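Dumped query-v6.txt below, it's compact mmCIF, C-alpha atoms:
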```txt
# COMPACT_ATOMS: atom_id res chain seq x y z
CA MET A 1 -17.94 64.56 -8.83
CA ARG A 2 -19.01 61.62 -10.98
CA MET A 3 -15.91 60.06 -12.55
CA LEU A 4 -15.63 57.92 -15.67
CA ILE A 5 -12.55 55.69 -16.14
CA LEU A 6 -11.57 55.61 -19.82
CA GLY A 7 -9.45 52.52 -20.48
CA THR A 8 -9.38 49.73 -17.91
CA GLY A 9 -5.87 48.26 -18.27
CA GLY A 10 -2.57 49.17 -16.64
CA MET A 11 -2.94 52.15 -14.31
CA ALA A 12 -6.75 52.16 -14.36
CA ALA A 13 -7.03 50.23 -11.10
CA GLN A 14 -5.02 52.93 -9.33
CA HIS A 15 -7.35 55.63 -10.66
CA ALA A 16 -10.46 53.73 -9.63
CA LYS A 17 -9.09 53.02 -6.14
CA HIS A 18 -7.85 56.55 -5.45
CA PHE A 19 -10.88 58.39 -6.79
CA ALA A 20 -13.35 56.09 -5.02
CA ALA A 21 -11.58 56.84 -1.71
CA ILE A 22 -12.20 60.60 -1.98
CA ASP A 23 -15.25 62.00 -0.18
CA GLY A 24 -17.80 63.31 -2.65
CA VAL A 25 -16.38 61.38 -5.60
CA SER A 26 -18.08 58.37 -7.16
CA VAL A 27 -16.73 56.26 -10.01
CA VAL A 28 -19.84 55.76 -12.13
CA ALA A 29 -18.63 54.14 -15.34
CA GLY A 30 -15.82 52.37 -17.14
CA VAL A 31 -15.03 52.36 -20.86
CA ASP A 32 -13.04 49.76 -22.79
CA THR A 33 -13.12 48.23 -26.26
CA ASP A 34 -12.46 44.81 -24.67
CA PRO A 35 -15.79 43.71 -23.13
CA ALA A 36 -14.27 40.95 -20.99
CA ARG A 37 -11.65 43.27 -19.51
CA LEU A 38 -14.27 45.94 -18.89
CA GLU A 39 -16.61 43.53 -17.14
CA LYS A 40 -13.82 42.24 -14.89
CA PHE A 41 -12.66 45.78 -14.06
CA ASN A 42 -16.13 47.08 -13.24
CA ALA A 43 -16.85 44.07 -11.05
CA ALA A 44 -13.56 44.49 -9.16
CA HIS A 45 -14.28 48.15 -8.40
CA ASN A 46 -18.08 48.05 -8.03
CA ILE A 47 -18.60 50.34 -11.01
CA PRO A 48 -22.24 50.26 -12.15
CA ASN A 49 -21.98 51.26 -15.84
CA GLY A 50 -19.84 50.10 -18.75
CA PHE A 51 -19.44 51.31 -22.34
CA ALA A 52 -17.58 49.96 -25.37
CA SER A 53 -16.57 53.43 -26.59
CA LEU A 54 -16.14 56.98 -25.39
CA ASP A 55 -18.78 58.10 -27.90
CA ALA A 56 -21.32 55.81 -26.25
CA ALA A 57 -20.38 57.11 -22.82
CA LEU A 58 -20.65 60.73 -23.95
CA ALA A 59 -24.07 60.02 -25.44
CA TRP A 60 -25.10 58.79 -21.98
CA GLY A 61 -23.42 61.78 -20.38
CA GLU A 62 -24.15 61.11 -16.69
CA PHE A 63 -20.68 62.02 -15.44
CA ASP A 64 -18.61 65.13 -14.75
CA ALA A 65 -15.01 64.12 -15.40
CA VAL A 66 -12.85 61.59 -17.24
CA ALA A 67 -9.75 59.77 -16.02
CA ASN A 68 -8.02 59.09 -19.34
CA VAL A 69 -6.02 55.88 -18.92
CA THR A 70 -5.94 54.91 -22.61
CA PRO A 71 -2.68 54.11 -24.49
CA ASP A 72 -0.46 57.15 -25.12
CA SER A 73 -1.41 57.45 -28.79
CA VAL A 74 -5.11 57.69 -27.91
CA HIS A 75 -4.81 60.52 -25.33
CA HIS A 76 -5.06 63.26 -27.96
CA ALA A 77 -8.34 62.34 -29.64
CA THR A 78 -10.13 61.12 -26.52
CA SER A 79 -9.19 64.03 -24.26
CA ILE A 80 -10.28 66.55 -26.90
CA ALA A 81 -13.60 64.74 -27.38
CA ALA A 82 -14.25 64.72 -23.64
CA LEU A 83 -13.36 68.40 -23.23
CA LYS A 84 -15.58 69.40 -26.16
CA ALA A 85 -18.40 67.50 -24.45
CA GLY A 86 -17.92 69.64 -21.33
CA LYS A 87 -16.08 67.06 -19.19
CA HIS A 88 -13.09 67.79 -16.98
CA VAL A 89 -10.08 65.60 -17.86
CA PHE A 90 -7.41 63.94 -15.73
CA CYS A 91 -5.00 62.39 -18.24
CA GLU A 92 -2.25 59.85 -17.72
CA LYS A 93 1.25 60.83 -18.79
CA PRO A 94 2.56 61.56 -21.34
CA LEU A 95 -0.08 64.03 -22.43
CA ALA A 96 0.52 63.12 -26.10
CA THR A 97 3.06 61.38 -28.31
CA ASP A 98 4.51 64.68 -29.53
CA ALA A 99 4.42 68.36 -28.62
CA THR A 100 2.27 69.38 -31.60
CA LYS A 101 -0.57 67.14 -30.47
CA ALA A 102 0.01 68.13 -26.84
CA PHE A 103 -0.39 71.83 -27.57
CA GLU A 104 -3.54 71.14 -29.61
CA MET A 105 -4.92 69.56 -26.43
CA VAL A 106 -3.80 72.59 -24.41
CA ASP A 107 -5.64 74.93 -26.79
CA VAL A 108 -8.92 73.02 -26.48
CA ALA A 109 -8.57 72.65 -22.71
CA GLU A 110 -7.81 76.30 -22.01
CA LYS A 111 -10.55 77.59 -24.28
CA SER A 112 -13.04 75.28 -22.57
CA GLY A 113 -12.35 76.66 -19.10
CA LEU A 114 -12.51 73.09 -17.75
CA ILE A 115 -10.11 71.50 -15.29
CA ASN A 116 -7.27 69.74 -17.10
CA MET A 117 -4.50 67.90 -15.26
CA VAL A 118 -1.88 65.26 -16.05
CA ASN A 119 -1.01 62.47 -13.64
CA LEU A 120 2.69 63.07 -13.14
CA THR A 121 2.70 60.68 -10.21
CA TYR A 122 5.91 61.81 -8.53
CA ARG A 123 4.24 65.10 -7.63
CA ASN A 124 2.77 62.92 -4.85
CA VAL A 125 6.23 62.67 -3.24
CA ALA A 126 6.04 64.94 -0.20
CA GLN A 127 9.82 65.32 -0.09
CA LEU A 128 9.81 66.79 -3.61
CA GLN A 129 7.10 69.28 -2.66
CA LYS A 130 9.10 70.36 0.41
CA ALA A 131 12.33 70.64 -1.58
CA ARG A 132 10.62 72.98 -4.04
CA GLU A 133 9.27 75.04 -1.15
CA ILE A 134 12.78 75.40 0.31
CA VAL A 135 14.28 76.36 -3.06
CA LEU A 136 11.58 78.93 -3.86
CA SER A 137 11.87 80.45 -0.37
CA GLY A 138 15.45 81.45 -1.17
CA GLN A 139 16.94 79.44 1.67
CA ILE A 140 19.57 77.85 -0.60
CA GLY A 141 20.19 81.08 -2.50
CA THR A 142 20.53 81.21 -6.27
CA VAL A 143 20.46 77.80 -7.95
CA ARG A 144 23.67 77.13 -9.87
CA HIS A 145 23.61 73.41 -10.68
CA VAL A 146 21.06 70.59 -10.83
CA GLU A 147 21.47 66.81 -11.02
CA ALA A 148 18.54 64.46 -11.65
CA SER A 149 18.35 60.75 -12.40
CA TYR A 150 15.72 58.05 -12.86
CA LEU A 151 17.25 54.60 -12.48
CA GLN A 152 15.58 51.25 -13.18
CA SER A 153 17.08 47.77 -13.47
CA TRP A 154 14.42 45.63 -15.13
CA LEU A 155 16.72 44.85 -18.06
CA VAL A 156 19.11 43.10 -15.66
CA SER A 157 16.69 41.84 -12.98
CA LYS A 158 13.54 39.71 -13.08
CA ALA A 159 12.09 41.34 -9.96
CA TRP A 160 9.27 42.90 -12.01
CA GLY A 161 9.02 40.04 -14.50
CA ASP A 162 11.06 38.68 -17.40
CA TRP A 163 11.18 41.17 -20.29
CA ARG A 164 12.47 38.43 -22.63
CA THR A 165 9.15 36.56 -22.49
CA GLU A 166 6.49 39.05 -21.33
CA SER A 167 4.75 41.38 -23.79
CA GLN A 168 4.09 44.02 -21.11
CA TRP A 169 7.84 44.68 -21.09
CA LEU A 170 8.82 43.77 -24.65
CA TRP A 171 6.61 46.43 -26.23
CA ARG A 172 8.52 49.07 -24.24
CA LEU A 173 11.67 48.07 -26.15
CA SER A 174 10.13 48.22 -29.65
CA LYS A 175 9.47 51.35 -31.69
CA LYS A 176 6.94 49.71 -33.99
CA HIS A 177 4.91 48.72 -30.92
CA GLY A 178 4.61 52.37 -29.93
CA SER A 179 7.59 52.82 -27.61
CA ASN A 180 9.96 55.78 -27.56
CA GLY A 181 12.11 53.90 -25.09
CA VAL A 182 13.20 55.12 -21.70
CA LEU A 183 12.96 58.72 -22.96
CA GLY A 184 9.28 58.37 -23.81
CA ASP A 185 8.39 56.14 -20.88
CA ILE A 186 9.99 57.82 -17.87
CA GLY A 187 11.69 60.87 -19.37
CA VAL A 188 8.67 63.04 -18.62
CA HIS A 189 8.84 62.01 -14.96
CA ILE A 190 12.47 62.95 -14.41
CA LEU A 191 12.14 66.19 -16.39
CA ASP A 192 9.23 67.15 -14.15
CA PHE A 193 11.13 66.03 -11.04
CA ALA A 194 14.06 68.26 -12.03
CA SER A 195 12.19 71.36 -13.18
CA TYR A 196 9.50 71.27 -10.50
CA GLY A 197 11.91 70.55 -7.64
CA SER A 198 14.35 73.25 -8.74
CA GLY A 199 11.60 75.77 -9.53
CA LEU A 200 13.21 76.34 -12.94
CA ASP A 201 12.34 75.79 -16.58
CA ILE A 202 14.65 74.21 -19.17
CA ASP A 203 15.58 76.48 -22.07
CA HIS A 204 18.42 74.58 -23.81
CA VAL A 205 19.00 70.85 -24.23
CA PHE A 206 21.68 68.57 -25.64
CA ALA A 207 20.79 64.88 -25.45
CA ARG A 208 22.27 61.47 -26.20
CA LEU A 209 20.14 58.34 -26.56
CA LYS A 210 21.54 54.81 -26.53
CA THR A 211 20.14 51.40 -27.46
CA PHE A 212 22.20 48.38 -26.43
CA ASP A 213 22.16 44.90 -27.96
CA LYS A 214 19.87 42.67 -25.90
CA ALA A 215 19.25 39.56 -28.04
CA PRO A 216 20.53 37.89 -31.24
CA GLY A 217 19.80 40.33 -34.04
CA ASN A 218 18.24 42.61 -31.39
CA LYS A 219 14.90 40.90 -32.03
CA ILE A 220 12.58 38.64 -30.02
CA GLY A 221 9.63 37.26 -32.00
CA GLU A 222 7.69 40.16 -33.48
CA TYR A 223 9.56 42.69 -31.34
CA ASP A 224 12.48 44.67 -32.77
CA LEU A 225 14.44 45.80 -29.71
CA ASP A 226 15.30 49.21 -31.13
CA ALA A 227 13.91 51.72 -28.60
CA ASN A 228 16.43 53.61 -26.45
CA ASP A 229 17.49 52.05 -23.13
CA SER A 230 19.39 55.02 -21.66
CA PHE A 231 19.58 58.76 -22.14
CA THR A 232 21.64 61.67 -20.89
CA MET A 233 20.82 65.36 -21.17
CA ALA A 234 22.91 68.42 -20.57
CA VAL A 235 20.52 71.32 -20.02
CA ASP A 236 20.52 75.03 -19.29
CA PHE A 237 17.80 76.37 -17.02
CA ASP A 238 16.11 79.72 -17.47
CA ASN A 239 18.10 81.34 -14.62
CA GLY A 240 21.42 80.29 -16.19
CA ALA A 241 21.99 77.23 -14.01
CA LEU A 242 23.39 74.08 -15.61
CA GLY A 243 21.82 70.66 -15.23
CA VAL A 244 22.55 67.02 -15.91
CA ILE A 245 19.53 64.71 -16.31
CA HIS A 246 19.76 61.02 -17.10
CA ALA A 247 17.79 57.77 -16.99
CA SER A 248 18.46 54.12 -17.68
CA ARG A 249 16.93 50.66 -17.50
CA TRP A 250 20.42 49.20 -17.02
CA ALA A 251 20.95 50.67 -13.53
CA THR A 252 21.84 47.43 -11.77
CA GLY A 253 20.79 47.50 -8.12
CA HIS A 254 18.23 50.28 -8.54
CA MET A 255 14.70 48.94 -8.75
CA ASN A 256 12.93 52.24 -9.36
CA GLU A 257 14.70 55.27 -7.99
CA LEU A 258 14.50 59.01 -8.68
CA ARG A 259 17.06 61.40 -7.29
CA LEU A 260 17.33 65.18 -7.43
CA ARG A 261 20.11 67.42 -6.17
CA VAL A 262 19.70 71.20 -6.36
CA TYR A 263 22.82 73.20 -5.50
CA GLY A 264 22.51 76.88 -4.57
CA ASP A 265 25.10 79.43 -3.49
CA LYS A 266 23.79 79.33 0.10
CA GLY A 267 22.84 75.67 0.46
CA SER A 268 21.55 72.54 -1.26
CA VAL A 269 18.67 70.07 -1.19
CA GLU A 270 18.62 66.40 -2.14
CA VAL A 271 15.54 64.22 -2.74
CA GLN A 272 15.81 60.45 -3.07
CA HIS A 273 12.63 58.53 -3.88
CA ARG A 274 12.48 54.74 -4.12
CA HIS A 275 9.62 52.27 -4.40
CA ASP A 276 9.80 51.68 -0.63
CA TRP A 277 10.89 55.01 0.91
CA SER A 278 11.67 58.67 0.28
CA LYS A 279 14.19 61.03 1.89
CA LEU A 280 14.90 64.76 1.88
CA ARG A 281 18.29 66.04 3.00
CA VAL A 282 19.49 69.64 3.21
CA VAL A 283 22.71 71.50 3.91
CA MET A 284 22.32 75.17 4.82
CA GLY A 285 23.74 77.88 7.06
CA GLU A 286 26.85 76.96 9.01
CA ASP A 287 26.55 73.33 7.86
CA ILE A 288 27.87 74.28 4.41
CA GLU A 289 31.30 74.88 5.95
CA ASN A 290 31.79 71.21 6.85
CA GLY A 291 29.33 69.56 4.46
CA THR A 292 26.92 68.35 7.16
CA TRP A 293 23.67 67.14 5.60
CA LYS A 294 20.53 66.82 7.71
CA GLU A 295 17.46 64.74 6.93
CA ILE A 296 14.08 66.48 7.19
CA GLU A 297 10.89 64.61 8.09
CA VAL A 298 8.03 65.62 5.81
CA PRO A 299 4.30 64.93 6.32
CA PRO A 300 2.21 63.51 3.45
CA VAL A 301 0.77 65.83 0.81
CA PRO A 302 -2.50 65.64 -1.17
CA THR A 303 -2.23 63.33 -4.18
CA ASN A 304 -2.84 64.34 -7.79
CA TYR A 305 -6.18 62.52 -7.55
CA GLN A 306 -7.22 64.56 -4.52
CA ARG A 307 -6.08 67.83 -6.05
CA PHE A 308 -7.97 67.11 -9.27
CA ALA A 309 -11.15 66.46 -7.29
CA GLU A 310 -10.58 69.68 -5.34
CA ALA A 311 -10.02 71.62 -8.57
CA VAL A 312 -13.29 70.32 -10.03
CA ARG A 313 -15.12 71.14 -6.79
CA THR A 314 -13.80 74.71 -6.57
CA GLY A 315 -13.32 75.49 -10.26
CA VAL A 316 -9.72 76.58 -9.54
CA MET A 317 -7.02 74.98 -11.73
CA GLN A 318 -4.20 73.07 -10.09
CA GLU A 319 -0.92 71.72 -11.43
CA PRO A 320 0.35 69.77 -13.28
CA SER A 321 -1.77 71.16 -16.09
CA PHE A 322 -1.96 70.18 -19.75
CA ARG A 323 0.22 73.20 -20.57
CA HIS A 324 2.97 72.13 -18.19
CA ALA A 325 2.95 68.58 -19.60
CA ALA A 326 3.08 69.97 -23.16
CA GLU A 327 6.13 72.07 -22.27
CA LEU A 328 7.83 68.92 -20.98
CA GLN A 329 6.88 67.09 -24.18
CA ARG A 330 8.53 69.86 -26.18
CA VAL A 331 11.81 69.16 -24.35
CA LEU A 332 11.44 65.40 -24.98
CA ASP A 333 10.84 66.00 -28.69
CA LEU A 334 13.89 68.25 -28.91
CA ALA A 335 15.99 65.61 -27.11
CA THR A 336 15.32 63.21 -29.96
CA VAL A 337 16.22 65.84 -32.57
CA SER A 338 19.33 66.77 -30.59
CA GLU A 339 20.51 63.15 -30.72
CA LEU A 340 19.95 62.96 -34.47
CA GLU A 341 21.60 66.32 -35.24
CA ARG A 342 24.28 66.08 -32.53
CA LYS A 343 23.75 69.66 -31.43
CA GLU A 344 22.28 71.76 -28.63
CA LEU A 345 18.77 73.06 -29.22
CA THR A 346 16.77 75.96 -27.80
CA VAL A 347 13.46 75.18 -26.11
CA GLY A 348 10.59 77.45 -27.08
```
I need this file expressed as structure tokens, please.
Amino acid sequence: MRMLILGTGGMAAQHAKHFAAIDGVSVVAGVDTDPARLEKFNAAHNIPNGFASLDAALAWGEFDAVANVTPDSVHHATSIAALKAGKHVFCEKPLATDATKAFEMVDVAEKSGLINMVNLTYRNVAQLQKAREIVLSGQIGTVRHVEASYLQSWLVSKAWGDWRTESQWLWRLSKKHGSNGVLGDIGVHILDFASYGSGLDIDHVFARLKTFDKAPGNKIGEYDLDANDSFTMAVDFDNGALGVIHASRWATGHMNELRLRVYGDKGSVEVQHRHDWSKLRVVMGEDIENGTWKEIEVPPVPTNYQRFAEAVRTGVMQEPSFRHAAELQRVLDLATVSELERKELTVG
């Protein structure tokens, strides 16, 4: 597979590194509207070709697939153009800025018959994969209740940088700079963590979004600090189970942590994933009588990058697909409406 990296900022280095490490995959070109950034990126990753636009790259055409690492608002147009040109697409999350655009992408992708996947990175967590396997096997019985959280603390800690002075963080707090806050930034991750790990789909949602004062007038320079900082969701799953899903950038003491608890009538599983380690704990069988949890060691699993390459090689689709990401985007869109209307909404 000959891979083209579309957009060379942010996550692009991870795409270039991971794809280049896969046998049979070569990263043959980069695309960026910023010539200096493109030149630096290509040099760093030994990429032989560079283009100032996707149109120019498509006119050249000497590649099989696109890693779409453009800004969120550009995913829609660029992914559709690549698919219509016969290229497989591996798109960064979120698939699109709203569900309408996301499902337009799904329609083009599915009609094309090409491989289409979204880089929901926490699918790479082996403990989540194993938890899902245990749940779907029936070992914990019927799922009754789900808890999921994504906790970050960069609004109270400078460990990742100072959001008060650095544009890479400030834009994430400003609607006019393209941010939909913590809901838009990491909401898709924790929704996927919850639904994938539990093996269930969300069919009702009631959400609350909150923006806290962070500066005089809630403004720093050109940045209005008006994007949401925290959200909570009460959800119903398609089997009738209830769920509580929440995320915040004010979670003091939590650098970057996802947690999932799935409670069944015969047992439970818990996944905790941090930036430096992951754990899977279970309680089943006789252990449920005294609440004894046991940690399970889990071997690594193939990454999204590896599974995309395998899908292109074999022609067999793998998850997470465009359709799955669009379904998650539908829930995110409804969460915003739910906050505005202060009522529960049906997904679908």
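When all atoms listed in the file are used to compute distances to Phe322 (chain A), the closest of the residues A:Val298, A:Val205, A:Leu280, A:Leu95 turns out to be A:Leu95.
What separates CA of Val271 (chain A) from CA of Val156 (chain A) is a distance of 25.0 Å.
Atom pair CA of Val282 (chain A) / CA of Glu270 (chain A) has a distance of 6.3 Å (rounded to one decimal).
Taking CA of Thr8 (chain A) and CA of Leu54 (chain A) as endpoints, the distance between them is 12.4 Å.
Proximity ranking of A:Asp192, A:Glu104, A:Asp201, A:Glu92 relative to Met117 (chain A) places A:Glu92 first, based on only C-alpha atoms.
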inquiry  = Give me, as a PyMOL selection string, all polymer residues having an atom no more than 8 Å from Val27 (chain A), counting only C-alpha atoms and skipping those fewer than 5 positions away in the same chain.
reply    = chain A and resi 2-5+16+19-20+47
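In terms of minimum interatomic distance to Glu110 (chain A), A:Ser321 ranks closest within A:Ser268, A:Ser321, A:Gln168, A:Thr252, counting only C-alpha atoms.
Minimum distance to Pro299 (chain A) across A:His75, A:Lys279, A:His88, A:His145 (counting only C-alpha atoms) occurs at A:Lys279.
In this comparison, which uses all atoms listed in the file, the residue of A:Asn116, A:Lys176, A:Asp185, A:Ala82 approaching Gln329 (chain A) most closely is A:Asp185.
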task = Name the residues within 9 Å of (18.6, 60.8, -24.0), counting all atoms listed in the file in the file's coordinates, and put them as a count of residues only.
result = 22
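Comparing A:Ala109, A:Ile190, A:Leu114, A:Val74 by their smallest distance to Ala311 (chain A), the closest is A:Leu114 (using only C-alpha atoms).
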ask   = Which residues come within 9 Å of region 126-132 of chain A, counting all atoms listed in the file, excluding same-chain residues fewer than 4 positions away, as a PyMOL selection string?
value = chain A and resi 122+136-137+193+196-199+260+262+269-273+278-282+296-302
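Using all atoms listed in the file, the protein and nucleic acid residues lying no more than 8 Å from Thr346 (chain A), apart from those fewer than 2 places from it along its own chain, are Asp203, His204, Val205, Glu344 and Gly348 of chain A.
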Could those selected residues go to a file with C-alpha atoms, as a compact mmCIF listing (two decimals), in the coordinates of the input?
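As written to disk, selection34.txt reads:
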```
# COMPACT_ATOMS: atom_id res chain seq x y z
CA ASP A 203 15.58 76.48 -22.07
CA HIS A 204 18.42 74.58 -23.81
CA VAL A 205 19.00 70.85 -24.23
CA GLU A 344 22.28 71.76 -28.63
CA GLY A 348 10.59 77.45 -27.08
```
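Near Ala325 (chain A), within 10 Å and counting all atoms listed in the file, sit Lys93, Pro94, Leu95, Ala96, Ala99, Ala102, Phe103, Val106, Met117, Val118, Asn119, Leu120, Val188, His189, Asp192, Glu319, Pro320, Ser321, Phe322, Leu328, Gln329 and Arg330 of chain A; same-chain residues fewer than 3 positions away were not included.
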Go ahead and fit an axis-aligned box to every listed atom of region 117-135 of chain A plus 6 Å each side, and pass me the centre and edge lengths in Å, one decimal, as AutoDock Vina command-line options.
```
--center_x 4.9 --center_y 68.5 --center_z -7.8 --size_x 30.8 --size_y 27.7 --size_z 28.5
```
task = Write out as a ChimeraX atom specification the residues lying within 10 Å of Lys175 (chain A), counting all atoms listed in the file and excluding same-chain residues fewer than 6 positions away.
result = /A:181,223-228
For those residues, write C-alpha atoms to a file as a compact mmCIF listing (two decimals), in the coordinates of the input.
```
# COMPACT_ATOMS: atom_id res chain seq x y z
CA GLY A 181 12.11 53.90 -25.09
CA TYR A 223 9.56 42.69 -31.34
CA ASP A 224 12.48 44.67 -32.77
CA LEU A 225 14.44 45.80 -29.71
CA ASP A 226 15.30 49.21 -31.13
CA ALA A 227 13.91 51.72 -28.60
CA ASN A 228 16.43 53.61 -26.45
```
task = List the residues sitting within 12 Å of (27.2, 68.7, 6.9) in the file's frame, using all atoms listed in the file, as a PyMOL selection string.
result = chain A and resi 267-269+281-295
Output as a PDB file, in the frame of the given file: region 147-163 of chain A, completed with N, CA and C atoms.
```pdb
ATOM      1  N   GLU A 147      21.275  68.191 -10.572  1.00  0.00           N
ATOM      2  CA  GLU A 147      21.470  66.810 -11.020  1.00  0.00           C
ATOM      3  C   GLU A 147      20.160  66.061 -10.820  1.00  0.00           C
ATOM      4  N   ALA A 148      19.750  65.267 -11.801  1.00  0.00           N
ATOM      5  CA  ALA A 148      18.540  64.460 -11.650  1.00  0.00           C
ATOM      6  C   ALA A 148      18.704  63.145 -12.381  1.00  0.00           C
ATOM      7  N   SER A 149      18.250  62.062 -11.765  1.00  0.00           N
ATOM      8  CA  SER A 149      18.350  60.750 -12.400  1.00  0.00           C
ATOM      9  C   SER A 149      17.125  59.909 -12.095  1.00  0.00           C
ATOM     10  N   TYR A 150      16.784  59.038 -13.052  1.00  0.00           N
ATOM     11  CA  TYR A 150      15.720  58.050 -12.860  1.00  0.00           C
ATOM     12  C   TYR A 150      16.336  56.708 -13.267  1.00  0.00           C
ATOM     13  N   LEU A 151      16.518  55.844 -12.273  1.00  0.00           N
ATOM     14  CA  LEU A 151      17.250  54.600 -12.480  1.00  0.00           C
ATOM     15  C   LEU A 151      16.349  53.390 -12.261  1.00  0.00           C
ATOM     16  N   GLN A 152      16.317  52.505 -13.254  1.00  0.00           N
ATOM     17  CA  GLN A 152      15.580  51.250 -13.180  1.00  0.00           C
ATOM     18  C   GLN A 152      16.531  50.108 -13.589  1.00  0.00           C
ATOM     19  N   SER A 153      16.198  48.896 -13.172  1.00  0.00           N
ATOM     20  CA  SER A 153      17.080  47.770 -13.470  1.00  0.00           C
ATOM     21  C   SER A 153      16.347  46.574 -14.057  1.00  0.00           C
ATOM     22  N   TRP A 154      15.188  46.799 -14.680  1.00  0.00           N
ATOM     23  CA  TRP A 154      14.420  45.630 -15.130  1.00  0.00           C
ATOM     24  C   TRP A 154      15.007  44.943 -16.363  1.00  0.00           C
ATOM     25  N   LEU A 155      16.023  45.551 -16.981  1.00  0.00           N
ATOM     26  CA  LEU A 155      16.720  44.850 -18.060  1.00  0.00           C
ATOM     27  C   LEU A 155      17.784  43.881 -17.533  1.00  0.00           C
ATOM     28  N   VAL A 156      18.114  43.998 -16.249  1.00  0.00           N
ATOM     29  CA  VAL A 156      19.110  43.100 -15.660  1.00  0.00           C
ATOM     30  C   VAL A 156      18.555  42.304 -14.483  1.00  0.00           C
ATOM     31  N   SER A 157      17.298  42.521 -14.128  1.00  0.00           N
ATOM     32  CA  SER A 157      16.690  41.840 -12.980  1.00  0.00           C
ATOM     33  C   SER A 157      15.292  41.367 -13.359  1.00  0.00           C
ATOM     34  N   LYS A 158      14.886  40.244 -12.815  1.00  0.00           N
ATOM     35  CA  LYS A 158      13.540  39.710 -13.080  1.00  0.00           C
ATOM     36  C   LYS A 158      12.567  40.055 -11.957  1.00  0.00           C
ATOM     37  N   ALA A 159      12.925  41.017 -11.114  1.00  0.00           N
ATOM     38  CA  ALA A 159      12.090  41.340  -9.960  1.00  0.00           C
ATOM     39  C   ALA A 159      10.685  41.791 -10.373  1.00  0.00           C
ATOM     40  N   TRP A 160      10.571  42.442 -11.526  1.00  0.00           N
ATOM     41  CA  TRP A 160       9.270  42.900 -12.010  1.00  0.00           C
ATOM     42  C   TRP A 160       8.689  41.967 -13.067  1.00  0.00           C
ATOM     43  N   GLY A 161       9.427  40.930 -13.422  1.00  0.00           N
ATOM     44  CA  GLY A 161       9.020  40.040 -14.500  1.00  0.00           C
ATOM     45  C   GLY A 161      10.177  39.867 -15.475  1.00  0.00           C
ATOM     46  N   ASP A 162      10.007  38.974 -16.436  1.00  0.00           N
ATOM     47  CA  ASP A 162      11.060  38.680 -17.400  1.00  0.00           C
ATOM     48  C   ASP A 162      10.741  39.350 -18.740  1.00  0.00           C
ATOM     49  N   TRP A 163      11.470  40.424 -19.065  1.00  0.00           N
ATOM     50  CA  TRP A 163      11.180  41.170 -20.290  1.00  0.00           C
ATOM     51  C   TRP A 163      11.394  40.327 -21.548  1.00  0.00           C
TER      52      TRP A 163
END
```
